[in-house]
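S.K.: Dropping in input.csv, with CSV, C-alpha atoms and all ligand atoms.
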chain,number,residue,atom,x,y,z
A,1,MET,CA,-120.4,226.1,-37.5
A,2,THR,CA,-124.1,226.8,-38.3
A,3,LEU,CA,-126.1,229.9,-37.9
A,4,SER,CA,-128.6,230.3,-35.0
A,5,TYR,CA,-131.5,230.3,-37.3
A,6,ASP,CA,-130.7,228.4,-40.3
A,7,PRO,CA,-133.4,227.5,-42.8
A,8,PRO,CA,-131.2,227.1,-45.9
A,9,SER,CA,-133.7,229.0,-48.1
A,10,VAL,CA,-133.3,232.1,-45.9
A,11,LEU,CA,-129.5,231.8,-45.9
A,12,ASN,CA,-129.3,231.2,-49.7
A,13,ALA,CA,-131.5,234.3,-50.3
A,14,LEU,CA,-129.2,236.4,-48.1
A,15,LEU,CA,-126.1,235.1,-49.7
A,16,SER,CA,-127.2,236.1,-53.2
A,17,PRO,CA,-128.7,239.5,-52.5
A,18,LYS,CA,-130.5,241.3,-55.2
A,19,LYS,CA,-128.7,244.3,-56.6
A,20,ASP,CA,-129.1,247.4,-54.4
A,21,THR,CA,-130.9,245.4,-51.7
A,22,LEU,CA,-129.6,245.9,-48.2
A,23,HIS,CA,-130.5,243.3,-45.6
A,24,THR,CA,-131.1,244.8,-42.3
A,25,VAL,CA,-131.8,241.7,-40.2
A,26,PRO,CA,-128.4,240.6,-38.7
A,27,LEU,CA,-127.5,237.0,-38.2
A,28,GLN,CA,-126.1,235.9,-34.8
A,29,LEU,CA,-123.2,233.5,-34.5
A,30,PRO,CA,-124.3,230.7,-32.1
A,31,GLY,CA,-122.7,230.9,-28.7
A,32,THR,CA,-121.7,234.5,-29.1
A,33,ASN,CA,-123.2,237.9,-29.0
A,34,CYS,CA,-121.6,238.6,-32.4
A,35,LEU,CA,-123.8,239.8,-35.2
A,36,ILE,CA,-123.1,239.4,-38.8
A,37,ARG,CA,-124.7,242.1,-40.9
A,38,SER,CA,-125.1,242.5,-44.6
A,39,GLY,CA,-124.9,245.6,-46.8
A,40,VAL,CA,-122.8,247.6,-44.3
A,41,SER,CA,-121.3,250.7,-45.9
A,42,LEU,CA,-117.5,250.5,-45.9
A,43,ALA,CA,-117.1,254.3,-46.6
A,44,SER,CA,-117.4,255.1,-42.9
A,45,LEU,CA,-114.8,252.5,-42.1
A,46,THR,CA,-112.1,253.8,-44.3
A,47,SER,CA,-110.0,257.0,-43.9
A,48,PHE,CA,-110.7,257.9,-47.5
A,49,ARG,CA,-114.4,257.9,-46.7
A,50,VAL,CA,-115.3,256.1,-49.9
A,51,GLY,CA,-116.4,252.5,-50.8
A,52,GLY,CA,-119.5,250.5,-51.3
A,53,PRO,CA,-121.1,247.9,-49.0
A,54,ALA,CA,-119.7,244.7,-47.6
A,55,GLN,CA,-121.8,241.7,-48.6
A,56,TRP,CA,-121.3,240.5,-45.0
A,57,TYR,CA,-119.7,242.4,-42.1
A,58,VAL,CA,-118.6,241.4,-38.6
A,59,ALA,CA,-116.7,243.2,-35.9
A,60,PRO,CA,-115.7,240.7,-33.2
A,61,ARG,CA,-114.8,241.8,-29.7
A,62,SER,CA,-112.9,238.7,-28.6
A,63,THR,CA,-110.7,236.0,-29.9
A,64,GLU,CA,-113.7,233.5,-29.5
A,65,GLU,CA,-115.9,235.8,-31.7
A,66,LEU,CA,-113.1,236.1,-34.2
A,67,GLN,CA,-112.7,232.4,-34.4
A,68,ALA,CA,-116.4,231.9,-34.8
A,69,SER,CA,-116.5,234.5,-37.6
A,70,LEU,CA,-113.7,232.7,-39.4
A,71,GLU,CA,-115.5,229.4,-39.0
A,72,TRP,CA,-118.7,230.9,-40.3
A,73,ALA,CA,-116.9,232.3,-43.4
A,74,GLN,CA,-115.3,228.9,-44.0
A,75,SER,CA,-118.6,227.1,-43.6
A,76,GLN,CA,-120.2,229.4,-46.2
A,77,LYS,CA,-117.2,229.3,-48.5
A,78,LEU,CA,-117.0,233.0,-48.4
A,79,PRO,CA,-113.7,235.0,-49.1
A,80,ILE,CA,-112.5,237.1,-46.2
A,81,THR,CA,-111.3,240.7,-46.2
A,82,LEU,CA,-109.6,242.0,-43.1
A,83,VAL,CA,-110.0,245.6,-42.1
A,84,GLY,CA,-108.3,247.4,-39.2
A,85,ALA,CA,-108.8,251.2,-39.0
A,86,GLY,CA,-109.1,251.3,-42.8
A,87,SER,CA,-106.4,253.9,-43.0
A,88,ASN,CA,-104.6,252.3,-45.9
A,89,LEU,CA,-107.5,251.0,-48.0
A,90,LEU,CA,-109.2,252.0,-51.2
A,91,VAL,CA,-112.5,250.0,-51.4
A,92,SER,CA,-114.4,249.9,-54.7
A,93,ASP,CA,-117.7,251.8,-55.0
A,94,ARG,CA,-119.2,248.4,-55.8
A,95,GLY,CA,-118.3,247.1,-52.4
A,96,LEU,CA,-116.8,243.8,-51.4
A,97,SER,CA,-118.2,240.3,-51.7
A,98,GLY,CA,-117.7,237.8,-48.9
A,99,LEU,CA,-117.2,238.5,-45.2
A,100,VAL,CA,-115.4,241.7,-44.1
A,101,ILE,CA,-113.9,241.2,-40.6
A,102,CYS,CA,-113.1,244.4,-38.9
A,103,THR,CA,-110.6,244.0,-36.0
A,104,ARG,CA,-110.8,247.4,-34.5
A,105,HIS,CA,-112.8,246.3,-31.5
A,106,LEU,CA,-110.2,243.8,-30.4
A,107,ARG,CA,-108.8,246.0,-27.6
A,108,HIS,CA,-106.4,245.2,-24.8
A,109,THR,CA,-103.0,246.5,-23.8
A,110,LYS,CA,-100.5,245.1,-21.3
A,111,PHE,CA,-97.2,246.9,-20.3
A,112,ILE,CA,-94.7,244.5,-18.8
A,113,PRO,CA,-92.2,246.5,-16.7
A,114,ASP,CA,-89.8,243.5,-16.1
A,115,THR,CA,-89.1,243.2,-19.8
A,116,ALA,CA,-90.1,246.7,-21.0
A,117,GLN,CA,-92.3,245.0,-23.5
A,118,VAL,CA,-95.9,245.9,-24.4
A,119,THR,CA,-98.4,243.4,-25.8
A,120,ALA,CA,-101.4,244.9,-27.6
A,121,SER,CA,-104.5,243.4,-29.3
A,122,ALA,CA,-104.9,243.9,-33.0
A,123,GLY,CA,-107.5,246.7,-32.7
A,124,GLU,CA,-105.5,249.0,-30.4
A,125,PRO,CA,-104.7,252.3,-32.2
A,126,ILE,CA,-100.9,252.4,-32.6
A,127,ALA,CA,-100.9,256.2,-31.9
A,128,ARG,CA,-102.6,255.6,-28.5
A,129,LEU,CA,-99.9,253.0,-27.7
A,130,ALA,CA,-97.2,255.6,-28.5
A,131,TRP,CA,-98.7,258.0,-26.0
A,132,GLN,CA,-99.1,255.4,-23.3
A,133,ALA,CA,-95.5,254.3,-23.8
A,134,ALA,CA,-94.3,258.0,-23.6
A,135,GLU,CA,-96.3,258.5,-20.4
A,136,ARG,CA,-94.2,255.8,-18.8
A,137,GLY,CA,-90.9,257.1,-20.1
A,138,TRP,CA,-90.5,254.2,-22.5
A,139,GLN,CA,-88.9,255.1,-25.8
A,140,GLY,CA,-89.3,253.4,-29.2
A,141,LEU,CA,-92.8,254.3,-30.4
A,142,GLU,CA,-92.6,258.1,-30.7
A,143,TRP,CA,-92.6,257.9,-34.5
A,144,ALA,CA,-95.9,256.1,-34.6
A,145,VAL,CA,-97.9,258.9,-33.0
A,146,GLY,CA,-99.3,260.3,-36.3
A,147,ILE,CA,-100.2,256.9,-37.9
A,148,PRO,CA,-104.0,256.5,-37.7
A,149,GLY,CA,-103.9,252.7,-37.9
A,150,THR,CA,-104.3,249.8,-35.6
A,151,VAL,CA,-101.7,247.4,-34.2
A,152,GLY,CA,-102.8,244.7,-36.6
A,153,GLY,CA,-102.6,247.0,-39.7
A,154,ALA,CA,-99.3,248.3,-38.6
A,155,VAL,CA,-97.8,244.8,-38.2
A,156,VAL,CA,-99.1,243.8,-41.6
A,157,MET,CA,-98.0,247.0,-43.4
A,158,ASN,CA,-94.7,247.3,-41.5
A,159,ALA,CA,-95.8,250.8,-40.8
A,160,GLY,CA,-93.1,253.4,-40.2
A,161,ALA,CA,-92.0,257.0,-40.1
A,162,HIS,CA,-88.9,259.1,-39.4
A,163,LYS,CA,-86.7,256.1,-40.5
A,164,GLN,CA,-88.2,253.8,-37.9
A,165,CYS,CA,-90.7,251.0,-38.4
A,166,ILE,CA,-92.6,248.1,-36.8
A,167,ALA,CA,-89.8,245.6,-37.8
A,168,ASP,CA,-87.4,247.5,-35.5
A,169,ILE,CA,-89.5,246.9,-32.4
A,170,LEU,CA,-91.6,243.8,-33.0
A,171,VAL,CA,-90.8,240.8,-30.7
A,172,ASN,CA,-93.5,238.6,-32.1
A,173,THR,CA,-97.1,238.5,-33.3
A,174,GLN,CA,-99.9,236.1,-32.8
A,175,VAL,CA,-101.7,235.2,-36.0
A,176,LEU,CA,-104.8,233.1,-36.7
A,177,SER,CA,-105.4,231.2,-39.9
A,178,PRO,CA,-108.8,230.6,-41.4
A,179,ASN,CA,-108.4,226.9,-40.5
A,180,GLY,CA,-108.1,227.8,-36.9
A,181,LEU,CA,-104.3,227.4,-36.5
A,182,MET,CA,-102.9,230.0,-34.0
A,183,GLU,CA,-99.2,230.7,-34.4
A,184,TRP,CA,-96.6,233.1,-32.9
A,185,LEU,CA,-94.4,234.6,-35.6
A,186,THR,CA,-91.2,236.7,-35.3
A,187,PRO,CA,-90.1,239.5,-37.6
A,188,LYS,CA,-87.9,237.0,-39.5
A,189,ASP,CA,-91.0,234.8,-40.2
A,190,LEU,CA,-92.8,237.9,-41.6
A,191,GLY,CA,-90.1,238.6,-44.2
A,192,TYR,CA,-90.2,242.3,-43.4
A,193,THR,CA,-88.9,244.9,-46.0
A,194,TYR,CA,-89.9,248.5,-46.6
A,195,ARG,CA,-93.8,248.7,-45.9
A,196,THR,CA,-94.2,245.0,-46.7
A,197,SER,CA,-94.6,241.7,-44.9
A,198,LEU,CA,-95.5,238.2,-45.9
A,199,LEU,CA,-98.9,238.7,-44.2
A,200,GLN,CA,-100.0,241.2,-47.0
A,201,GLY,CA,-102.5,239.7,-49.4
A,202,GLY,CA,-103.0,236.6,-47.3
A,203,SER,CA,-105.9,235.6,-45.0
A,204,ARG,CA,-103.9,235.1,-41.8
A,205,LEU,CA,-105.2,237.5,-39.1
A,206,VAL,CA,-103.1,239.3,-36.6
A,207,THR,CA,-104.7,239.0,-33.2
A,208,GLN,CA,-102.0,240.7,-31.1
A,209,ALA,CA,-98.4,241.8,-31.1
A,210,THR,CA,-95.6,242.3,-28.6
A,211,PHE,CA,-93.1,245.2,-28.9
A,212,GLN,CA,-89.8,245.8,-27.3
A,213,LEU,CA,-89.3,249.3,-25.9
A,214,LEU,CA,-86.6,251.1,-24.1
A,215,PRO,CA,-87.6,252.1,-20.5
A,216,GLY,CA,-86.0,254.5,-18.0
A,217,ALA,CA,-86.3,257.9,-19.8
A,218,ASN,CA,-87.9,261.0,-18.3
A,219,PRO,CA,-91.6,260.7,-19.3
A,220,ALA,CA,-91.8,264.5,-19.9
A,221,GLU,CA,-89.0,264.2,-22.4
A,222,VAL,CA,-90.5,261.3,-24.2
A,223,MET,CA,-93.9,263.0,-24.3
A,224,ALA,CA,-92.2,266.1,-25.7
A,225,ALA,CA,-90.4,264.1,-28.4
A,226,THR,CA,-93.7,262.4,-29.3
A,227,ALA,CA,-95.6,265.7,-29.5
A,228,LYS,CA,-92.8,267.1,-31.7
A,229,ASP,CA,-93.1,264.2,-34.1
A,230,LEU,CA,-96.8,264.8,-34.4
A,231,GLU,CA,-96.4,268.5,-34.9
A,232,MET,CA,-93.8,267.9,-37.6
A,233,ARG,CA,-96.2,265.7,-39.5
A,234,ARG,CA,-99.1,268.1,-39.2
A,235,ALA,CA,-96.9,270.8,-40.6
A,236,THR,CA,-95.9,268.8,-43.6
A,237,GLN,CA,-98.9,266.6,-44.3
A,238,PRO,CA,-102.5,267.4,-45.0
A,239,TYR,CA,-104.6,266.0,-42.1
A,240,ASN,CA,-107.7,268.2,-42.7
A,241,LEU,CA,-109.3,266.1,-45.5
A,242,PRO,CA,-109.8,262.3,-45.9
A,243,SER,CA,-106.9,260.4,-47.3
A,244,CYS,CA,-104.9,257.2,-46.9
A,245,GLY,CA,-101.6,258.9,-46.1
A,246,SER,CA,-98.9,258.2,-48.7
A,247,VAL,CA,-100.5,256.5,-51.8
A,248,PHE,CA,-97.3,255.2,-53.3
A,249,ARG,CA,-94.2,253.5,-51.9
A,250,ASN,CA,-91.0,255.4,-52.4
A,251,PRO,CA,-89.2,253.8,-55.4
A,252,LYS,CA,-85.7,253.7,-54.1
A,253,PRO,CA,-83.6,255.9,-54.4
A,254,TYR,CA,-86.3,258.4,-55.2
A,255,TYR,CA,-89.2,259.9,-53.2
A,256,ALA,CA,-92.6,259.4,-54.7
A,257,ALA,CA,-93.8,262.8,-53.6
A,258,ARG,CA,-90.9,264.5,-55.3
A,259,LEU,CA,-91.4,262.6,-58.6
A,260,ILE,CA,-95.1,263.5,-58.6
A,261,GLU,CA,-94.4,267.1,-57.7
A,262,GLN,CA,-91.8,267.5,-60.4
A,263,THR,CA,-94.2,266.0,-62.9
A,264,GLY,CA,-96.4,269.0,-62.2
A,265,LEU,CA,-99.2,267.1,-60.7
A,266,LYS,CA,-99.7,268.9,-57.4
A,267,GLY,CA,-103.3,270.1,-57.3
A,268,TYR,CA,-104.3,267.8,-60.2
A,269,ARG,CA,-107.9,266.7,-59.8
A,270,ILE,CA,-110.2,264.0,-61.1
A,271,GLY,CA,-113.8,264.4,-59.9
A,272,GLY,CA,-113.6,264.9,-56.1
A,273,ALA,CA,-110.1,263.5,-55.8
A,274,GLN,CA,-107.1,265.8,-55.8
A,275,VAL,CA,-103.3,265.5,-55.5
A,276,ALA,CA,-102.5,267.4,-52.3
A,277,ASP,CA,-100.7,270.8,-52.6
A,278,ARG,CA,-99.0,270.2,-49.2
A,279,HIS,CA,-97.7,266.7,-50.0
A,280,ALA,CA,-97.8,265.3,-53.5
A,281,ASN,CA,-97.9,261.7,-52.4
A,282,PHE,CA,-101.3,262.3,-50.7
A,283,ILE,CA,-104.6,262.1,-52.6
A,284,LEU,CA,-107.4,263.9,-50.9
A,285,ASN,CA,-111.1,263.3,-51.0
A,286,CYS,CA,-112.2,266.9,-51.4
A,287,GLY,CA,-115.8,266.1,-50.4
A,288,ARG,CA,-117.6,264.1,-53.0
A,289,ALA,CA,-114.9,261.8,-54.4
A,290,THR,CA,-115.8,258.3,-55.4
A,291,ALA,CA,-113.4,255.4,-55.1
A,292,ASN,CA,-113.3,255.4,-58.9
A,293,ASP,CA,-112.2,259.1,-58.9
A,294,ILE,CA,-109.3,258.1,-56.6
A,295,PHE,CA,-108.5,255.0,-58.6
A,296,GLN,CA,-108.4,256.9,-61.9
A,297,LEU,CA,-106.1,259.6,-60.3
A,298,ILE,CA,-103.8,256.8,-59.1
A,299,CYS,CA,-103.6,255.4,-62.6
A,300,TYR,CA,-103.1,258.9,-64.1
A,301,ILE,CA,-100.2,259.7,-61.7
A,302,GLN,CA,-98.6,256.3,-62.5
A,303,GLN,CA,-98.8,257.0,-66.3
A,304,GLN,CA,-97.5,260.5,-66.1
A,305,VAL,CA,-94.6,259.7,-63.7
A,306,GLU,CA,-93.6,256.7,-65.8
A,307,LYS,CA,-93.7,258.8,-69.0
A,308,ARG,CA,-91.6,261.6,-67.5
A,309,TRP,CA,-89.1,259.6,-65.4
A,310,SER,CA,-89.4,255.9,-66.5
A,311,VAL,CA,-90.1,255.0,-62.9
A,312,HIS,CA,-93.0,252.8,-61.9
A,313,LEU,CA,-94.8,253.9,-58.8
A,314,GLU,CA,-96.2,251.0,-56.8
A,315,PRO,CA,-99.3,251.8,-54.6
A,316,GLU,CA,-98.8,251.4,-50.9
A,317,VAL,CA,-102.5,251.7,-50.4
A,318,LYS,CA,-104.4,248.4,-50.6
A,319,ILE,CA,-106.9,248.5,-53.5
A,320,LEU,CA,-109.8,246.2,-52.8
A,321,GLY,CA,-112.7,245.1,-55.0
A,322,GLU,CA,-113.4,245.8,-58.7
A,323,PHE,CA,-112.4,248.9,-60.6
A,324,ALA,CA,-112.8,249.7,-64.3
A,325,ALA,CA,-109.4,249.8,-66.1
A,326,ARG,CA,-108.3,253.2,-67.2
B,401,LIG,C1,-103.2,260.7,-42.6
B,401,LIG,C2,-102.5,259.4,-42.7
B,401,LIG,C3,-101.1,259.3,-42.4
B,401,LIG,C4,-100.5,258.1,-42.5
B,401,LIG,N1,-99.1,258.1,-42.2
B,401,LIG,C5,-98.5,256.9,-42.3
B,401,LIG,C6,-97.1,256.8,-42.0
B,401,LIG,O1,-96.4,257.8,-41.6
B,401,LIG,N2,-96.5,255.6,-42.1
B,401,LIG,C7,-97.1,254.5,-42.5
B,401,LIG,O2,-96.5,253.4,-42.5
B,401,LIG,N3,-98.4,254.5,-42.8
B,401,LIG,C8,-99.1,255.7,-42.7
B,401,LIG,N4,-100.4,255.7,-43.0
B,401,LIG,C9,-101.1,254.5,-43.6
B,401,LIG,C10,-101.8,253.7,-42.5
B,401,LIG,O3,-102.2,254.4,-41.4
B,401,LIG,C11,-100.9,252.5,-42.1
B,401,LIG,O4,-100.5,251.7,-43.2
B,401,LIG,C12,-101.5,251.6,-41.0
B,401,LIG,O5,-100.5,250.7,-40.5
B,401,LIG,C13,-102.7,250.9,-41.5
B,401,LIG,O6,-103.3,250.3,-40.4
B,401,LIG,P1,-104.9,250.0,-40.4
B,401,LIG,O7,-105.3,249.4,-39.1
B,401,LIG,O8,-105.7,251.2,-40.8
B,401,LIG,O9,-105.0,248.9,-41.5
B,401,LIG,P2,-106.0,248.9,-42.7
B,401,LIG,O10,-105.9,250.1,-43.6
B,401,LIG,O11,-107.4,248.6,-42.2
B,401,LIG,O12,-105.5,247.6,-43.5
B,401,LIG,C14,-104.2,247.6,-44.1
B,401,LIG,C15,-103.8,246.2,-44.5
B,401,LIG,O13,-103.6,245.4,-43.3
B,401,LIG,C16,-104.6,244.3,-43.3
B,401,LIG,N5,-105.0,244.2,-41.9
B,401,LIG,C17,-105.5,245.1,-41.1
B,401,LIG,N6,-105.7,244.6,-39.9
B,401,LIG,C18,-105.3,243.3,-39.9
B,401,LIG,C19,-105.3,242.3,-39.0
B,401,LIG,N7,-105.6,242.4,-37.7
B,401,LIG,N8,-104.8,241.1,-39.4
B,401,LIG,C20,-104.4,240.9,-40.6
B,401,LIG,N9,-104.4,241.8,-41.6
B,401,LIG,C21,-104.9,243.0,-41.2
B,401,LIG,C22,-105.7,244.7,-44.3
B,401,LIG,O14,-106.3,243.6,-44.8
B,401,LIG,C23,-104.9,245.5,-45.3
B,401,LIG,O15,-104.3,244.6,-46.2
B,401,LIG,C24,-101.2,256.9,-42.9
B,401,LIG,C25,-102.5,257.0,-43.2
B,401,LIG,C26,-103.2,258.2,-43.1
B,401,LIG,C27,-104.7,258.3,-43.4
Translate this file's structure into structure tokens.
Ligand SMILES: Cc1cc2nc3c(=O)[nH]c(=O)nc-3n(C[C@H](O)[C@H](O)[C@H](O)COP(=O)(O)OP(=O)(O)OC[C@H]3O[C@@H](n4cnc5c(N)ncnc54)[C@H](O)[C@@H]3O)c2cc1C

M.R.:
Amino acid sequence: MTLSYDPPSVLNALLSPKKDTLHTVPLQLPGTNCLIRSGVSLASLTSFRVGGPAQWYVAPRSTEELQASLEWAQSQKLPITLVGAGSNLLVSDRGLSGLVICTRHLRHTKFIPDTAQVTASAGEPIARLAWQAAERGWQGLEWAVGIPGTVGGAVVMNAGAHKQCIADILVNTQVLSPNGLMEWLTPKDLGYTYRTSLLQGGSRLVTQATFQLLPGANPAEVMAATAKDLEMRRATQPYNLPSCGSVFRNPKPYYAARLIEQTGLKGYRIGGAQVADRHANFILNCGRATANDIFQLICYIQQQVEKRWSVHLEPEVKILGEFAAR
């Protein structure tokens, strides 16, 4: 695939931007209304509200635009980074090279009464889906109401809460490879374990997923159960400042939050990043945090917990781009 205006000199100049130069003229993928922009700040696209610019950025609204974006990246030999709602990402202050594909505008939901299944596009907010299911009296997604991610991100992360997770309800998911291959995968194909899947770290893109729910309950009761889940989370987790939710996976049989708290790190601060008082596995951006502040705090917590308990905390948050070693 070639660009709609394609003098190679223009393209080459754009592909090797001078430091600190942001290009404001977007490129249009031929045959689509899709614009590829350069220098788009990723801070506003992540829940931590930190991160530098994407070398190239695109937010397709259809499978065709998505395919065209992938083809363009392939043709330019650019690495791809996939971003959903950005609620589990720590992006470097230096930004990301290559093409960032944001899937949050791929929106479509279909509830199928005959099978009690719901099929949703990658960009659908998983919390919205939970409320829609509850309104129908369909059970099975109540736990997802406080998770600020998309369907795509939830499938990749095997998102979960209250002892339930995506692996419990996923029927299948459609994924698109950079070479254009479209496949339907089942939970078995995805090798699901706690907060992991074989899709993590790869370049296959989730385009949609189908979930099996349980119909026939009283909608008012499912709505009440969903609201209770949300209330419980708000009472125990800090939702008032930017974060990525839990930073570390729980190292079985322990809870990361408890290990961090018992190491005396609640409230510990580096620059604008602070270990939350309300939940020690949350790091908060208290206003002016940089991605580097957060990264340094992650490393510090790991060192201190390892020293005190001989337990290694593995980040659940996806750390993208270059960071200086601590
Ligand atoms: C306040 C708060 C509370 C949270 N609570 C929970 C919780 O209770 N349980 C929980 O599991 N998580 C929780 N999270 C973390 C986060 O919301 C989940 O991991 C969520 O599933 C991430 O979805 P996302 O769309 O934001 O993905 P992103 O953060 O954008 O991406 C996460 C990973 O998925 C990949 N990805 C995203 N979309 C696609 C796609 N379409 N195709 C292929 N790869 C893709 C990305 O490349 C990245 O590797 C919380 C976060 C916050 C901020």

S.K.: What does the list of residues within 7 Å of ligand LIG 401 (chain B) look like if you count only C-alpha atoms and all ligand atoms, written as a PDB file with C-alpha atoms, keeping the file's coordinate frame?

M.R.:
ATOM      1  CA  SER A  47    -110.000 257.000 -43.900  1.00  0.00           C
ATOM      2  CA  THR A  81    -111.300 240.700 -46.200  1.00  0.00           C
ATOM      3  CA  LEU A  82    -109.600 242.000 -43.100  1.00  0.00           C
ATOM      4  CA  VAL A  83    -110.000 245.600 -42.100  1.00  0.00           C
ATOM      5  CA  GLY A  84    -108.300 247.400 -39.200  1.00  0.00           C
ATOM      6  CA  ALA A  85    -108.800 251.200 -39.000  1.00  0.00           C
ATOM      7  CA  GLY A  86    -109.100 251.300 -42.800  1.00  0.00           C
ATOM      8  CA  SER A  87    -106.400 253.900 -43.000  1.00  0.00           C
ATOM      9  CA  ASN A  88    -104.600 252.300 -45.900  1.00  0.00           C
ATOM     10  CA  LEU A  89    -107.500 251.000 -48.000  1.00  0.00           C
ATOM     11  CA  THR A 103    -110.600 244.000 -36.000  1.00  0.00           C
ATOM     12  CA  ALA A 122    -104.900 243.900 -33.000  1.00  0.00           C
ATOM     13  CA  GLY A 123    -107.500 246.700 -32.700  1.00  0.00           C
ATOM     14  CA  GLY A 146     -99.300 260.300 -36.300  1.00  0.00           C
ATOM     15  CA  ILE A 147    -100.200 256.900 -37.900  1.00  0.00           C
ATOM     16  CA  PRO A 148    -104.000 256.500 -37.700  1.00  0.00           C
ATOM     17  CA  GLY A 149    -103.900 252.700 -37.900  1.00  0.00           C
ATOM     18  CA  THR A 150    -104.300 249.800 -35.600  1.00  0.00           C
ATOM     19  CA  VAL A 151    -101.700 247.400 -34.200  1.00  0.00           C
ATOM     20  CA  GLY A 152    -102.800 244.700 -36.600  1.00  0.00           C
ATOM     21  CA  GLY A 153    -102.600 247.000 -39.700  1.00  0.00           C
ATOM     22  CA  ALA A 154     -99.300 248.300 -38.600  1.00  0.00           C
ATOM     23  CA  VAL A 155     -97.800 244.800 -38.200  1.00  0.00           C
ATOM     24  CA  VAL A 156     -99.100 243.800 -41.600  1.00  0.00           C
ATOM     25  CA  MET A 157     -98.000 247.000 -43.400  1.00  0.00           C
ATOM     26  CA  ASN A 158     -94.700 247.300 -41.500  1.00  0.00           C
ATOM     27  CA  ALA A 159     -95.800 250.800 -40.800  1.00  0.00           C
ATOM     28  CA  GLY A 160     -93.100 253.400 -40.200  1.00  0.00           C
ATOM     29  CA  ALA A 161     -92.000 257.000 -40.100  1.00  0.00           C
ATOM     30  CA  ARG A 195     -93.800 248.700 -45.900  1.00  0.00           C
ATOM     31  CA  LEU A 199     -98.900 238.700 -44.200  1.00  0.00           C
ATOM     32  CA  GLN A 200    -100.000 241.200 -47.000  1.00  0.00           C
ATOM     33  CA  GLY A 201    -102.500 239.700 -49.400  1.00  0.00           C
ATOM     34  CA  ARG A 204    -103.900 235.100 -41.800  1.00  0.00           C
ATOM     35  CA  LEU A 205    -105.200 237.500 -39.100  1.00  0.00           C
ATOM     36  CA  VAL A 206    -103.100 239.300 -36.600  1.00  0.00           C
ATOM     37  CA  THR A 207    -104.700 239.000 -33.200  1.00  0.00           C
ATOM     38  CA  TYR A 239    -104.600 266.000 -42.100  1.00  0.00           C
ATOM     39  CA  PRO A 242    -109.800 262.300 -45.900  1.00  0.00           C
ATOM     40  CA  SER A 243    -106.900 260.400 -47.300  1.00  0.00           C
ATOM     41  CA  CYS A 244    -104.900 257.200 -46.900  1.00  0.00           C
ATOM     42  CA  GLY A 245    -101.600 258.900 -46.100  1.00  0.00           C
ATOM     43  CA  SER A 246     -98.900 258.200 -48.700  1.00  0.00           C
ATOM     44  CA  LYS A 318    -104.400 248.400 -50.600  1.00  0.00           C
TER      45      LYS A 318
END

S.K.: In Å, with one decimal, what is the gap from atom CA of Tyr268 of chain A to atom CA of Asn292 of chain A?

M.R.: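 Calculated distance between atom CA of Tyr268 of chain A and atom CA of Asn292 of chain A is 15.4 Å.
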
S.K.: Using all atoms listed in the file, find the one residue out of A:Asn281, A:Ser97, A:Asn33, A:Asn172 that sits nearest to Glu64 of chain A.

M.R.: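 Nearest candidate to Glu64 of chain A out of A:Asn281, A:Ser97, A:Asn33, A:Asn172: A:Asn33.
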
S.K.: Would you mind listing what lies within 10 Å of Arg61 of chain A as an MDAnalysis selection string, with all atoms listed in the file counted and same-chain residues fewer than 4 positions away left out?

M.R.: chainID A and resid 33:34 65:66 102:107 123

S.K.: Using only C-alpha atoms, which residue out of A:Glu135, A:Glu261, A:Asp114, A:Asp93 lies closest to Trp309 of chain A?

M.R.: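 Using only C-alpha atoms, Trp309 of chain A sits closest to A:Glu261.
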
S.K.: What's the 9 Å shell around Phe111 of chain A, counting all atoms listed in the file, without same-chain residues fewer than 5 positions away, as a PyMOL selection string?

M.R.: chain A and resi 116-120+133

S.K.: Go through segment 207-307 of chain A residue by residue and, counting only C-alpha atoms, keep those with an atom at most 10 Å from segment 127-131 of chain A; for each kept residue give the shortest atom pair and its distance in Å to one decimal, ordered by chain and increasing number, as CSV.

M.R.:
residue,atom,partner,partner_atom,distance
A:Val222,CA,A:Trp131,CA,9.0
A:Met223,CA,A:Trp131,CA,7.1
A:Thr226,CA,A:Trp131,CA,7.4
A:Ala227,CA,A:Trp131,CA,9.0
A:Leu230,CA,A:Ala127,CA,9.8

S.K.: In terms of the shortest atom-to-atom distance over only C-alpha atoms, which of A:Leu198, A:Ile260, A:Val145, A:Leu265 is closest to Arg234 of chain A?

M.R.: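 Of all the options, A:Val145 lies closest to Arg234 of chain A.
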
S.K.: How many Å separate atom CA of Ala276 of chain A from atom CA of His312 of chain A?

M.R.: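 So the two atoms, atom CA of Ala276 of chain A and atom CA of His312 of chain A, lie 19.9 Å apart.
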
S.K.: Compare A:Gly321, A:Gly95, A:Gly191, A:Pro60 by their minimum atom-to-atom distance to Gly39 of chain A, counting all atoms listed in the file, and give me the closest one.

M.R.: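 Checking each of A:Gly321, A:Gly95, A:Gly191, A:Pro60 against Gly39 of chain A, counting all atoms listed in the file, the winner is A:Gly95.
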
S.K.: Tell me, in Å to one decimal, how far atom CA of Val247 of chain A is from atom CA of Met232 of chain A.

M.R.: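 Calculated distance between atom CA of Val247 of chain A and atom CA of Met232 of chain A is 19.4 Å.
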
S.K.: Show me, as number ranges by chain, the residues that have an atom within 12 Å of Ala256 of chain A when counting all atoms listed in the file, minus same-chain residues fewer than 5 positions from it.

M.R.: A: 246-251, 261-263, 265, 279-282, 301-302, 305-306, 309, 311-316

S.K.: For each of A:Tyr255, A:Phe295, A:Tyr192, A:Tyr57, take the minimum atom-to-atom distance to Gly98 of chain A, counting all atoms listed in the file, then give the residue where this is smallest.

M.R.: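 Using all atoms listed in the file, Gly98 of chain A sits closest to A:Tyr57.
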
S.K.: Pick the closest to Gly272 of chain A from A:Ala73, A:Ile166, A:Glu221, A:Thr290: which is it, counting all atoms listed in the file?

M.R.: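 Answer, going by the shortest atom-to-atom distance: A:Thr290.
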